[in-house]
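Here is entry_19.txt, consisting of compact mmCIF, C-alpha atoms and all ligand atoms:
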```txt
# COMPACT_ATOMS: atom_id res chain seq x y z
CA MET E 20 -60.67 100.87 26.33
CA GLU E 21 -59.91 99.91 29.96
CA ASN E 22 -59.31 96.21 29.31
CA LYS E 23 -56.55 96.93 26.80
CA LYS E 24 -54.22 98.60 29.26
CA GLN E 25 -52.71 95.35 30.48
CA PRO E 26 -50.94 94.23 27.26
CA ILE E 27 -49.82 97.79 26.54
CA GLN E 28 -48.27 98.12 29.99
CA THR E 29 -46.64 94.70 29.71
CA ALA E 30 -44.98 95.71 26.44
CA LYS E 31 -43.77 98.94 27.99
CA ARG E 32 -42.32 97.09 30.95
CA GLN E 33 -40.44 94.81 28.57
CA ILE E 34 -38.85 97.75 26.80
CA MET E 35 -37.80 99.30 30.11
CA LEU E 36 -36.34 95.99 31.24
CA LYS E 37 -34.38 95.51 28.01
CA GLU E 38 -33.07 99.06 28.12
CA SER E 39 -31.99 98.92 31.75
CA ARG E 40 -30.19 95.59 31.15
CA ALA E 41 -28.36 97.18 28.19
CA ALA E 42 -27.43 100.12 30.39
CA THR E 43 -26.07 97.80 33.09
CA ARG E 44 -23.94 95.97 30.52
CA SER E 45 -22.55 99.21 29.19
CA ILE E 46 -21.63 100.40 32.69
CA GLU E 47 -19.94 97.03 33.44
CA ARG E 48 -17.81 97.48 30.33
CA SER E 49 -16.99 101.12 31.04
CA PRO E 50 -13.25 101.77 31.52
CA LEU E 51 -13.53 103.19 35.02
CA VAL E 52 -11.45 100.41 36.64
CA PHE E 53 -7.80 100.82 35.72
CA GLU E 54 -5.21 98.03 35.83
CA ARG E 55 -2.07 100.19 35.96
CA PRO E 56 -1.14 103.79 36.76
CA LEU E 57 -1.69 106.23 33.88
CA SER E 58 -0.63 109.80 33.09
CA ASN E 59 -2.93 112.67 34.17
CA LEU E 60 -3.81 113.49 30.52
CA CYS E 61 -4.64 109.90 29.81
CA ILE E 62 -6.83 109.66 32.93
CA ARG E 63 -8.66 112.87 32.00
CA LYS E 64 -9.31 111.58 28.43
CA ARG E 65 -10.56 108.24 29.69
CA PHE E 66 -12.75 109.95 32.27
CA GLN E 67 -14.26 112.24 29.58
CA GLY E 68 -14.91 109.22 27.35
CA ALA E 69 -16.61 107.39 30.20
CA MET E 70 -18.78 110.40 31.02
CA LYS E 71 -19.77 110.71 27.35
CA SER E 72 -20.88 107.09 27.18
CA LEU E 73 -22.75 107.43 30.49
CA ILE E 74 -24.62 110.52 29.18
CA LEU E 75 -25.48 108.70 25.92
CA THR E 76 -26.78 105.72 27.92
CA LEU E 77 -28.95 107.99 30.06
CA CYS E 78 -30.27 109.71 26.91
CA ALA E 79 -31.15 106.34 25.36
CA LEU E 80 -33.03 105.44 28.54
CA SER E 81 -35.14 108.59 28.51
CA LEU E 82 -35.82 108.91 24.74
CA PRO E 83 -37.51 106.00 22.97
CA LEU E 84 -36.90 105.81 19.20
CA HIS E 85 -40.65 105.93 18.35
CA GLY E 86 -43.64 107.39 20.09
CA GLU E 87 -46.00 105.12 21.93
CA MET E 88 -48.60 103.77 19.49
CA ARG E 89 -52.15 104.51 20.58
CA VAL E 90 -55.46 103.38 19.07
CA VAL E 91 -58.12 106.12 19.18
CA SER E 92 -61.69 105.42 18.08
CA ASP E 93 -63.91 107.69 20.18
CA PHE E 94 -65.20 109.70 17.22
CA GLU E 95 -68.21 109.49 14.88
CA GLY E 96 -68.18 106.14 13.06
CA GLY E 97 -65.10 104.99 15.01
CA ASN E 98 -64.72 101.39 16.17
CA ALA E 99 -61.67 99.35 17.19
CA GLU E 100 -60.87 97.19 20.16
CA ALA E 101 -57.10 97.04 20.69
CA VAL E 102 -56.27 93.43 21.52
CA GLU E 103 -52.52 93.91 21.83
CA ILE E 104 -49.98 96.62 21.11
CA ASP E 105 -46.35 95.58 20.84
CA GLN E 106 -44.47 98.89 21.11
CA VAL E 107 -41.09 97.23 20.56
CA ASN E 108 -41.84 95.32 17.36
CA ARG E 109 -44.41 97.88 16.19
CA VAL E 110 -47.33 95.48 15.83
CA ILE E 111 -50.91 96.29 16.76
CA ARG E 112 -53.74 93.78 16.89
CA ILE E 113 -57.33 94.97 16.75
CA MET E 114 -60.82 93.54 16.32
CA PRO E 115 -64.15 95.26 15.73
CA GLU E 116 -65.60 96.11 19.12
CA LEU E 117 -68.94 94.50 19.91
CA ARG E 118 -71.77 96.99 20.25
CA GLU E 119 -74.30 94.89 22.17
CA GLY E 120 -77.49 94.30 20.19
CA ARG E 121 -76.30 96.52 17.35
CA GLY E 122 -75.51 93.83 14.81
CA TRP E 123 -72.45 92.43 13.10
CA PRO E 124 -69.07 93.40 14.56
CA CYS E 125 -67.36 93.85 11.20
CA TRP E 126 -66.72 97.57 10.72
CA TRP E 127 -63.54 99.13 12.09
CA PHE E 128 -62.20 102.66 11.81
CA PHE E 129 -59.61 104.24 14.10
CA ARG E 130 -56.75 106.68 14.32
CA LEU E 131 -53.29 105.37 15.13
CA GLU E 132 -51.15 107.87 16.99
CA GLY E 133 -47.50 107.89 18.05
CA LEU E 134 -45.93 106.93 14.74
CA ALA E 135 -42.55 108.01 13.41
CA VAL E 136 -42.95 109.19 9.81
CA GLY E 137 -41.50 106.57 7.48
CA GLU E 138 -41.53 103.71 9.97
CA THR E 139 -43.19 100.45 8.99
CA PHE E 140 -45.65 98.84 11.36
CA LYS E 141 -47.96 95.86 11.23
CA LEU E 142 -51.72 95.97 11.69
CA GLU E 143 -53.30 92.65 12.58
CA VAL E 144 -57.09 92.29 12.36
CA GLN E 145 -58.90 89.37 13.94
CA ALA E 146 -62.60 88.55 14.28
CA GLN E 147 -64.50 89.64 17.36
CA ALA E 148 -64.58 86.55 19.56
CA LYS E 149 -67.87 87.29 21.37
CA PRO E 150 -71.25 86.37 19.81
CA TYR E 151 -73.22 89.29 18.35
CA ARG E 152 -76.52 87.43 18.67
CA GLU E 153 -77.28 84.49 20.95
CA TYR E 154 -74.48 82.03 20.17
CA THR E 155 -73.49 83.35 16.74
CA VAL E 156 -69.95 84.63 16.25
CA LEU E 157 -69.34 86.52 13.01
CA ALA E 158 -67.01 84.91 10.44
CA ALA E 159 -63.64 86.67 10.21
CA SER E 160 -63.92 87.39 6.46
CA TRP E 161 -66.43 90.22 7.05
CA CYS E 162 -63.84 92.26 8.93
CA GLN E 163 -60.81 91.35 6.81
CA PRO E 164 -60.72 93.24 3.52
CA LYS E 165 -57.75 92.43 1.27
CA HIS E 166 -56.56 95.99 1.78
CA ALA E 167 -56.88 98.30 4.76
CA TRP E 168 -57.75 101.90 3.85
CA LEU E 169 -55.49 104.71 4.98
CA SER E 170 -55.73 108.45 5.32
CA ALA E 171 -53.14 110.89 6.56
CA ASP E 172 -55.52 113.89 6.35
CA GLY E 173 -58.80 112.22 7.37
CA SER E 174 -60.48 112.97 4.04
CA THR E 175 -58.58 111.31 1.17
CA TRP E 176 -58.26 107.52 1.34
CA HIS E 177 -56.01 105.01 -0.36
CA PRO E 178 -55.54 101.25 0.00
CA SER E 179 -52.65 99.66 1.89
CA ALA E 180 -50.55 96.89 0.36
CA LYS E 181 -52.42 93.60 0.24
CA GLY E 182 -52.81 91.95 3.61
CA VAL E 183 -51.66 88.41 4.35
CA LEU E 184 -54.05 85.98 6.05
CA THR E 185 -52.40 83.68 8.59
CA PRO E 186 -53.56 80.09 9.23
CA GLU E 187 -54.99 81.42 12.53
CA LYS E 188 -57.34 83.67 10.49
CA VAL E 189 -55.58 86.89 11.35
CA MET E 190 -55.17 89.41 8.52
CA VAL E 191 -51.82 91.18 8.63
CA TYR E 192 -51.25 94.47 6.81
CA GLU E 193 -47.79 95.98 6.58
CA ILE E 194 -48.11 99.76 6.56
CA LYS E 195 -45.60 102.58 6.18
CA ALA E 196 -46.49 105.60 8.32
CA GLU E 197 -47.00 108.71 6.19
CA ALA E 198 -47.67 110.92 9.18
CA PRO E 199 -47.39 110.78 12.99
CA GLU E 200 -51.15 110.01 13.08
CA VAL E 201 -52.91 107.90 10.47
CA SER E 202 -56.60 107.04 10.08
CA ILE E 203 -57.15 103.38 9.20
CA ALA E 204 -60.46 101.77 8.24
CA TRP E 205 -62.17 98.72 6.79
CA GLY E 206 -62.99 100.81 3.72
CA PRO E 207 -63.40 104.48 2.81
CA PRO E 208 -65.70 105.66 5.61
CA PHE E 209 -68.93 107.62 5.21
CA VAL E 210 -70.28 108.85 8.54
CA PRO E 211 -73.40 110.96 9.29
CA ARG E 212 -71.34 114.17 9.10
CA ASP E 213 -70.36 113.21 5.52
CA GLY E 214 -74.06 112.77 4.72
CA GLU E 215 -74.93 116.25 5.99
CA ARG E 216 -72.00 117.74 4.08
CA LEU E 217 -73.08 116.00 0.89
CA LEU E 218 -76.66 117.25 1.15
CA ASN E 219 -75.40 120.82 1.69
CA GLU E 220 -73.10 120.48 -1.32
CA ILE E 221 -75.97 119.32 -3.55
CA SER E 222 -78.47 121.91 -2.34
CA ALA E 223 -75.89 124.65 -3.01
CA LEU E 224 -75.64 123.39 -6.61
CA LEU E 225 -79.41 123.03 -7.06
CA PRO E 226 -81.17 125.92 -5.31
CA ASP E 227 -84.63 124.40 -5.89
CA ALA E 228 -83.69 121.19 -4.09
CA GLU E 229 -85.02 120.78 -0.57
CA VAL E 230 -83.14 119.15 2.29
CA PHE E 231 -85.62 117.54 4.67
CA GLU E 232 -85.55 115.60 7.92
CA LEU E 233 -87.03 112.18 7.30
CA ALA E 234 -87.21 111.42 11.04
CA LYS E 235 -85.33 111.61 14.32
CA THR E 236 -83.82 108.25 15.24
CA LYS E 237 -84.50 106.46 18.51
CA GLY E 238 -81.16 107.93 19.61
CA GLY E 239 -82.38 111.46 18.78
CA ARG E 240 -80.22 111.91 15.67
CA PRO E 241 -81.62 113.43 12.46
CA VAL E 242 -82.02 111.23 9.38
CA SER E 243 -81.75 113.65 6.49
CA GLY E 244 -82.62 113.44 2.84
CA ILE E 245 -82.98 115.67 -0.18
CA ARG E 246 -85.86 116.12 -2.60
CA ILE E 247 -84.88 117.27 -6.08
CA GLY E 248 -87.63 118.24 -8.53
CA ALA E 249 -91.31 119.19 -8.34
CA GLU E 250 -93.42 116.92 -6.15
CA ASP E 251 -95.86 116.39 -9.04
CA ALA E 252 -93.12 115.60 -11.57
CA HIS E 253 -93.73 113.04 -14.31
CA HIS E 254 -91.29 110.49 -12.83
CA GLN E 255 -90.88 109.58 -9.17
CA VAL E 256 -87.73 107.94 -7.79
CA TRP E 257 -86.54 106.93 -4.30
CA ILE E 258 -82.90 105.99 -3.67
CA GLY E 259 -81.35 105.33 -0.27
CA SER E 260 -78.50 103.57 1.47
CA ARG E 261 -77.17 102.26 4.78
CA GLN E 262 -80.05 100.26 6.08
CA HIS E 263 -77.03 98.23 7.16
CA ALA E 264 -74.70 100.65 8.87
CA TRP E 265 -71.40 98.85 8.16
CA GLU E 266 -71.98 99.00 4.37
CA ALA E 267 -70.29 102.36 3.88
CA GLY E 268 -69.79 101.53 0.19
CA GLY E 269 -73.55 101.91 -0.28
CA SER E 270 -73.28 105.55 0.78
CA GLN E 271 -70.20 106.00 -1.43
CA VAL E 272 -72.22 104.77 -4.43
CA GLY E 273 -75.05 107.09 -3.35
CA ARG E 274 -72.63 110.03 -3.27
CA GLY E 275 -71.42 109.22 -6.79
CA PHE E 276 -75.01 108.96 -7.93
CA ILE E 277 -76.23 112.23 -6.42
CA ARG E 278 -73.20 114.16 -7.69
CA TRP E 279 -73.92 112.83 -11.17
CA TYR E 280 -77.61 113.68 -10.73
CA ALA E 281 -76.68 117.29 -9.85
CA SER E 282 -74.42 117.59 -12.93
CA ASP E 283 -75.26 119.04 -16.34
CA GLU E 284 -75.44 115.56 -17.80
CA ALA E 285 -78.60 114.89 -15.75
CA LYS E 286 -80.31 118.22 -16.53
CA ASP E 287 -82.95 116.67 -18.79
CA LEU E 288 -83.66 113.86 -16.32
CA ARG E 289 -84.02 116.36 -13.45
CA SER E 290 -86.56 118.44 -15.38
CA LYS E 291 -89.00 115.51 -15.51
CA THR E 292 -88.30 113.78 -12.21
CA CYS E 293 -88.85 114.11 -8.49
CA LEU E 294 -86.04 112.28 -6.66
CA HIS E 295 -85.92 111.49 -2.95
CA TYR E 296 -82.43 110.51 -1.80
CA ILE E 297 -81.36 109.40 1.70
CA PRO E 298 -77.57 109.01 2.26
CA ILE E 299 -77.81 107.10 5.58
CA MET E 300 -80.91 105.35 6.95
CA ASP E 301 -79.42 103.74 10.07
CA VAL E 302 -77.79 106.89 11.42
CA ASP E 303 -77.63 105.64 15.03
CA ASN E 304 -75.47 102.64 14.19
CA ALA E 305 -73.41 104.47 11.57
CA ALA E 306 -72.61 107.14 14.19
CA GLN E 307 -71.46 104.51 16.69
CA GLY E 308 -69.42 102.44 14.25
CA ALA E 309 -71.80 99.50 14.78
CA GLY E 310 -72.51 96.98 12.02
CA GLY E 311 -76.29 97.27 12.23
CA LYS E 312 -76.92 94.10 10.22
CA ASP E 313 -78.83 91.53 12.33
CA SER E 314 -79.43 93.99 15.15
CA ILE E 315 -81.66 92.88 18.01
CA PRO E 316 -84.59 92.46 17.58
CA ARG E 317 -84.16 93.21 13.85
CA ASP E 318 -82.23 95.50 11.52
CA HIS E 319 -83.58 98.30 9.32
CA ASN E 320 -83.91 96.10 6.27
CA ARG E 321 -86.15 93.66 8.19
CA ASP E 322 -88.24 96.41 9.74
CA TRP E 323 -90.55 97.28 6.83
CA ALA E 324 -93.50 95.74 8.67
CA ALA E 325 -96.97 97.02 9.56
CA GLU E 326 -95.44 98.55 12.69
CA PRO E 327 -91.79 99.43 12.23
CA ILE E 328 -89.65 99.89 15.32
CA TYR E 329 -87.39 102.49 13.70
CA PRO E 330 -88.97 105.96 13.21
CA GLU E 331 -86.97 106.51 9.98
CA VAL E 332 -88.40 103.32 8.43
CA ALA E 333 -91.94 104.34 9.42
CA ALA E 334 -91.37 107.81 7.90
CA ALA E 335 -90.00 106.36 4.66
CA GLN E 336 -93.05 104.10 4.39
CA ARG E 337 -95.40 107.07 4.91
CA MET E 338 -93.66 109.15 2.24
CA ILE E 339 -93.48 106.32 -0.29
CA ARG E 340 -97.19 105.58 0.25
CA ALA E 341 -97.99 109.26 -0.35
CA ILE E 342 -95.86 109.37 -3.53
CA GLN E 343 -97.57 106.23 -4.77
CA ALA E 344 -101.03 107.63 -4.06
CA LYS E 345 -100.36 110.94 -5.81
CA GLN E 346 -98.08 110.17 -8.74
CA GLY E 347 -97.08 106.52 -8.66
CA LEU E 348 -93.51 105.50 -7.82
CA ASP E 349 -91.39 104.48 -10.83
CA VAL E 350 -88.15 103.32 -9.20
CA TYR E 351 -86.99 102.31 -5.71
CA ILE E 352 -83.32 101.44 -5.24
CA ASP E 353 -81.68 100.33 -1.99
CA LEU E 354 -77.85 100.50 -1.96
CA HIS E 355 -75.78 97.85 -0.14
CA ASN E 356 -72.40 96.05 -0.04
CA PRO E 357 -72.39 92.21 -0.38
CA GLY E 358 -70.02 89.44 0.82
CA HIS E 359 -66.23 89.52 0.42
CA ASN E 360 -66.18 87.36 -2.74
CA ASP E 361 -69.24 88.83 -4.45
CA PRO E 362 -69.25 90.94 -7.61
CA THR E 363 -71.50 93.96 -8.17
CA PHE E 364 -75.06 92.78 -8.79
CA PHE E 365 -78.76 93.51 -8.28
CA PHE E 366 -81.11 91.53 -6.11
CA GLY E 367 -84.33 91.30 -8.11
CA PRO E 368 -87.88 90.28 -7.19
CA PHE E 369 -88.31 86.67 -6.05
CA ALA E 370 -91.20 86.20 -8.48
CA PHE E 371 -89.25 87.52 -11.50
CA GLU E 372 -89.47 84.29 -13.52
CA ARG E 373 -93.23 84.14 -13.02
CA MET E 374 -93.87 87.79 -13.85
CA SER E 375 -95.65 88.92 -16.98
CA GLY E 376 -96.76 92.09 -18.76
CA ILE E 377 -95.49 95.51 -17.77
CA GLN E 378 -93.89 94.23 -14.59
CA GLN E 379 -91.75 91.65 -16.36
CA ARG E 380 -90.88 94.13 -19.13
CA ASN E 381 -89.78 96.83 -16.69
CA TYR E 382 -87.61 94.62 -14.49
CA GLN E 383 -85.98 93.15 -17.61
CA ARG E 384 -85.34 96.60 -19.12
CA TRP E 385 -83.84 97.79 -15.86
CA ILE E 386 -81.25 95.00 -15.61
CA ASP E 387 -80.41 95.31 -19.33
CA LEU E 388 -79.88 99.07 -19.08
CA ALA E 389 -77.97 98.74 -15.79
CA ALA E 390 -75.59 96.24 -17.44
CA ILE E 391 -74.98 98.69 -20.30
CA ASN E 392 -74.39 101.68 -18.03
CA ILE E 393 -72.69 100.35 -14.89
CA ARG E 394 -69.28 99.30 -16.30
CA GLU E 395 -66.65 100.73 -13.95
CA PRO E 396 -64.61 99.84 -11.98
CA TYR E 397 -66.28 96.46 -12.59
CA PRO E 398 -69.37 95.75 -14.71
CA VAL E 399 -72.59 94.94 -12.88
CA GLN E 400 -73.84 91.36 -13.41
CA PRO E 401 -76.30 91.29 -16.34
CA LYS E 402 -78.73 89.02 -14.50
CA TYR E 403 -80.58 89.42 -11.23
CA ARG E 404 -79.70 87.44 -8.16
CA PHE E 405 -82.34 86.56 -5.62
CA ALA E 406 -82.01 86.74 -1.84
CA THR E 407 -82.94 83.08 -1.44
CA TYR E 408 -81.24 82.98 1.98
CA VAL E 409 -84.34 84.78 3.24
CA LYS E 410 -86.62 81.80 3.66
CA THR E 411 -90.13 82.91 4.63
CA ASP E 412 -92.58 85.16 2.78
CA GLU E 413 -93.17 86.99 6.03
CA GLU E 414 -89.48 87.96 6.31
CA ARG E 415 -89.21 88.75 2.58
CA GLY E 416 -92.14 91.13 3.01
CA ARG E 417 -90.25 92.99 5.76
CA MET E 418 -87.31 93.77 3.45
CA SER E 419 -87.66 97.27 2.02
CA SER E 420 -87.59 96.07 -1.60
CA GLY E 421 -90.38 93.57 -0.87
CA TRP E 422 -92.48 96.10 1.05
CA VAL E 423 -92.16 98.65 -1.77
CA ARG E 424 -93.22 96.04 -4.35
CA ALA E 425 -96.25 95.15 -2.25
CA ASN E 426 -97.28 98.79 -1.79
CA THR E 427 -96.77 100.20 -5.28
CA SER E 428 -97.98 99.29 -8.78
CA THR E 429 -97.08 96.75 -11.46
CA SER E 430 -95.06 99.36 -13.34
CA THR E 431 -92.82 100.11 -10.32
CA ILE E 432 -89.41 98.48 -10.08
CA SER E 433 -87.90 97.90 -6.63
CA VAL E 434 -84.34 96.57 -6.57
CA THR E 435 -81.27 96.29 -4.36
CA LEU E 436 -77.81 97.18 -5.70
CA GLU E 437 -75.01 95.25 -4.01
CA THR E 438 -71.67 96.85 -4.86
CA THR E 439 -68.50 94.77 -4.59
CA TRP E 440 -65.95 96.12 -2.08
CA ASN E 441 -63.00 93.79 -1.63
CA SER E 442 -60.63 95.44 -4.08
CA PRO E 443 -58.20 98.37 -4.19
CA GLU E 444 -60.36 99.68 -7.07
CA MET E 445 -63.21 100.32 -4.66
CA SER E 446 -61.96 103.73 -3.60
CA VAL E 447 -64.14 106.81 -3.14
CA GLU E 448 -63.64 107.41 -6.89
CA GLY E 449 -64.34 103.77 -7.77
CA TYR E 450 -67.63 103.72 -5.87
CA GLY E 451 -68.42 107.11 -7.42
CA LYS E 452 -68.19 105.56 -10.90
CA VAL E 453 -70.75 102.93 -9.93
CA GLY E 454 -73.03 105.75 -8.73
CA ALA E 455 -72.64 107.70 -11.98
CA GLY E 456 -73.37 104.53 -13.95
CA LEU E 457 -76.48 104.02 -11.86
CA GLY E 458 -77.60 107.54 -12.75
CA ARG E 459 -77.11 106.92 -16.47
CA ALA E 460 -79.07 103.66 -16.21
CA LEU E 461 -81.87 105.55 -14.49
CA ALA E 462 -81.96 108.22 -17.22
CA ALA E 463 -82.06 105.58 -19.97
CA TYR E 464 -84.76 103.61 -18.14
CA LEU E 465 -87.09 106.55 -17.48
CA ALA E 466 -86.64 107.80 -21.07
CA GLU E 467 -88.44 104.62 -22.18
CA GLU E 468 -91.53 105.67 -20.16
CA PRO E 469 -91.92 102.66 -17.85
CA GLY E 470 -95.50 103.70 -17.04
CA ARG E 471 -96.67 103.12 -20.61
CA ASN E 472 -98.92 100.16 -21.43
ZN ZN E 501 -76.92 95.10 3.42
```

Let me see whether you can do it: turn the structure in this file into structure tokens.
Amino acid sequence: MENKKQPIQTAKRQIMLKESRAATRSIERSPLVFERPLSNLCIRKRFQGAMKSLILTLCALSLPLHGEMRVVSDFEGGNAEAVEIDQVNRVIRIMPELREGRGWPCWWFFRLEGLAVGETFKLEVQAQAKPYREYTVLAASWCQPKHAWLSADGSTWHPSAKGVLTPEKVMVYEIKAEAPEVSIAWGPPFVPRDGERLLNEISALLPDAEVFELAKTKGGRPVSGIRIGAEDAHHQVWIGSRQHAWEAGGSQVGRGFIRWYASDEAKDLRSKTCLHYIPIMDVDNAAQGAGGKDSIPRDHNRDWAAEPIYPEVAAAQRMIRAIQAKQGLDVYIDLHNPGHNDPTFFFGPFAFERMSGIQQRNYQRWIDLAAINIREPYPVQPKYRFATYVKTDEERGRMSSGWVRANTSTSTISVTLETTWNSPEMSVEGYGKVGAGLGRALAAYLAEEPGRN
């Protein structure tokens, strides 16, 4: 935060300058110089009046109308580089801070302090100007949601009024302060602490469920998951999110899903299924407020190789191989957020059109049942999309969905859910509805016995 002191100090100096000039003017106009003799009473009155105005001027000099706005982001999942803070006009400009080698600078999440309750201020968000990889600078749209997300208590989140994009590609949000300190983020955040809390909540509801440590990250942080159901259950399912750390919406969908899965509605499904669920895969980047996507040398969803560099990816591969060997994996779902103009959709297998038999039947049934069950806040697209931007077979094989397909059976489906985010509907509750819909699709799909011939 050192390099931001300059503009802050400049703004402060300007206020001081303005105020001292005003004070000088008021002293120049003060009626201390008399043109003709006056009565004692009159002199005393005038003197008292002059003293009063002098005291008021001194008070105005020492007490600013608002506090000094301060951007704080040194907490789990926090990220914001303050570009400029105009204390007089109440405008702050931020950009996502670059975390060297840790992928896209698109996620931002900070606390703004020094507000007067009820005052209106402007938040400006611009793209990070430095390249995140070689010479590539990230397009501004990834860090400029239509609405900023606000929280006065740090736990409930609501959207701001719609931002306005300037011709200079700066998004400007006008925000009314609800409290002296407000948390502001790209979207409703979901940090590692939220993941741990969620797993505790679910294991308290389902005493037979087992919270486990998938791995310790390279940074020494635990990657936790939960197993619900007997290991030798009839159906086997793996669902996870945040292979790309910035895509907090993936974890929000996961939370909606697992809460639905722990509810009475899913009782029958639970009795026949063993579910493994991981709320955050890339814990290191999620903890540091880094984007993760396109990390150097590669991100989590390009690490599903013969020798992964991330311990949590290697551990997930080992467990999925073991599930496949013992029972056969029925469903693998990876939860993500897509681009700013995208709807909610599934990435399907590249070879879908050429598939036949059980494999073709199962992938088709999945997308049909997903379209019936995932309706809110927006319906999921009824047809698969394909990640054609990934050009080589080698790279496609290193994506988790591709690796799972290659290491399971023809009856397994392995898909990626990309949940739309650029809307005020995509609140914690909105994402939760997608998750519940996903659960209902899963129940309907497994009820058809995808392993049958
Ligand atoms: Zn992603």

Within 12 Å of ligand ZN 501 (chain E) (all atoms listed in the file), residues as a PyMOL selection string:
chain E and resi 122-123+259-270+300-301+310-313+318-321+353-358+365-366+406+418-420+435-439

From the set E:Tyr151, E:Trp323, E:Phe94, E:Trp168, which residue has the shortest atom-to-atom contact distance to Gly120 of chain E, counting all atoms listed in the file?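 Closest candidate: E:Tyr151.
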
Which segment 144-233 of chain E residues have any atom within 9 Å of an atom of segment 106-114 of chain E, and for each, what is the nearest pair of atoms with distance in Å to one decimal, counting all atoms listed in the file, rows sorted by chain and number, as JSON lines?
```
{"residue": "E:Val144", "atom": "CA", "partner": "E:Ile113", "partner_atom": "CA", "distance": 5.1}
{"residue": "E:Gln145", "atom": "CA", "partner": "E:Met114", "partner_atom": "CA", "distance": 5.2}
{"residue": "E:Ala146", "atom": "CA", "partner": "E:Met114", "partner_atom": "CA", "distance": 5.7}
{"residue": "E:Gln147", "atom": "CA", "partner": "E:Met114", "partner_atom": "CA", "distance": 5.5}
{"residue": "E:Ala148", "atom": "CA", "partner": "E:Met114", "partner_atom": "CA", "distance": 8.6}
{"residue": "E:Cys162", "atom": "CA", "partner": "E:Met114", "partner_atom": "CA", "distance": 8.1}
{"residue": "E:Val191", "atom": "CA", "partner": "E:Arg112", "partner_atom": "CA", "distance": 8.9}
```

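Considering all atoms listed in the file, the residue among E:Ile247, E:Ala204, E:Ala196, E:Leu117 positioned nearest to His166 of chain E is E:Ala204.
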
Which polymer residues have any atom within 12 Å of an atom of Ser290 of chain E, counting only C-alpha atoms, with same-chain residues fewer than 6 positions away left out, as a PDB file with C-alpha atoms, in the coordinates of the input?
```pdb
ATOM      1  CA  LEU E 225     -79.410 123.030  -7.060  1.00  0.00           C
ATOM      2  CA  ASP E 227     -84.630 124.400  -5.890  1.00  0.00           C
ATOM      3  CA  ALA E 228     -83.690 121.190  -4.090  1.00  0.00           C
ATOM      4  CA  ILE E 247     -84.880 117.270  -6.080  1.00  0.00           C
ATOM      5  CA  GLY E 248     -87.630 118.240  -8.530  1.00  0.00           C
ATOM      6  CA  ALA E 249     -91.310 119.190  -8.340  1.00  0.00           C
ATOM      7  CA  GLU E 250     -93.420 116.920  -6.150  1.00  0.00           C
ATOM      8  CA  ASP E 251     -95.860 116.390  -9.040  1.00  0.00           C
ATOM      9  CA  ALA E 252     -93.120 115.600 -11.570  1.00  0.00           C
ATOM     10  CA  HIS E 253     -93.730 113.040 -14.310  1.00  0.00           C
ATOM     11  CA  HIS E 254     -91.290 110.490 -12.830  1.00  0.00           C
ATOM     12  CA  GLN E 255     -90.880 109.580  -9.170  1.00  0.00           C
ATOM     13  CA  TYR E 280     -77.610 113.680 -10.730  1.00  0.00           C
ATOM     14  CA  ALA E 281     -76.680 117.290  -9.850  1.00  0.00           C
ATOM     15  CA  ASP E 283     -75.260 119.040 -16.340  1.00  0.00           C
ATOM     16  CA  GLU E 284     -75.440 115.560 -17.800  1.00  0.00           C
ATOM     17  CA  ALA E 462     -81.960 108.220 -17.220  1.00  0.00           C
TER      18      ALA E 462
END
```

What does the distance from atom CA of Pro298 of chain E to atom CA of Leu217 of chain E come to in Å, to one decimal?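 According to the coordinates, atom CA of Pro298 of chain E and atom CA of Leu217 of chain E are separated by 8.4 Å.
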
Answer as a VMD selection string, residues within 8 Å of (-77.2, 108.9, -0.6) using all atoms listed in the file:
chain E and resid 214 244 258 to 260 269 to 274 276 to 277 296 to 299

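A straight line drawn from atom CA of Asp93 of chain E to atom CA of Thr185 of chain E is 29.0 Å long.
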
inquiry  = Using all atoms listed in the file, which protein or nucleic acid residues come within 8 Å of Ile432 of chain E? Drop anything in the same chain fewer than 4 positions from it, and give the result as a list in words.
reply    =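 Contacts, in chain order: Asp349, Val350, Tyr351, Gln378, Asn381, Tyr382 and Arg424 of chain E.
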
*With distances taken over all atoms listed in the file, which of E:Gly97, E:Val189, E:His85, E:Ala344 is nearest to Thr139 of chain E?*
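Selected residue with least distance to Thr139 of chain E: E:His85.
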
Taken to one decimal, the atom CA of Glu229 of chain E-atom CA of Cys293 of chain E distance is 11.0 Å

Find the residues around Glu87 of chain E up to 9 Å (only C-alpha atoms counted), leave out those fewer than 6 positions away in its own chain, and share them as JSON, numbers by chain. {"E": [31, 106, 132, 133, 134]}

Selection above as a file: C-alpha atoms, as a short mmCIF file (atom, residue, chain, number, x, y, z; two decimals), in the frame of the given file:
```cif
data_model
loop_
_atom_site.label_atom_id
_atom_site.label_comp_id
_atom_site.auth_asym_id
_atom_site.auth_seq_id
_atom_site.Cartn_x
_atom_site.Cartn_y
_atom_site.Cartn_z
CA LYS E 31 -43.77 98.94 27.99
CA GLN E 106 -44.47 98.89 21.11
CA GLU E 132 -51.15 107.87 16.99
CA GLY E 133 -47.50 107.89 18.05
CA LEU E 134 -45.93 106.93 14.74
#
```

Quiz prompt | Residue among E:Asn219, E:Pro124, E:Gln67, E:Ala159 lying closest to Ser314 of chain E, counting all atoms listed in the file | solution =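 For Ser314 of chain E, the nearest of the given residues is E:Pro124.
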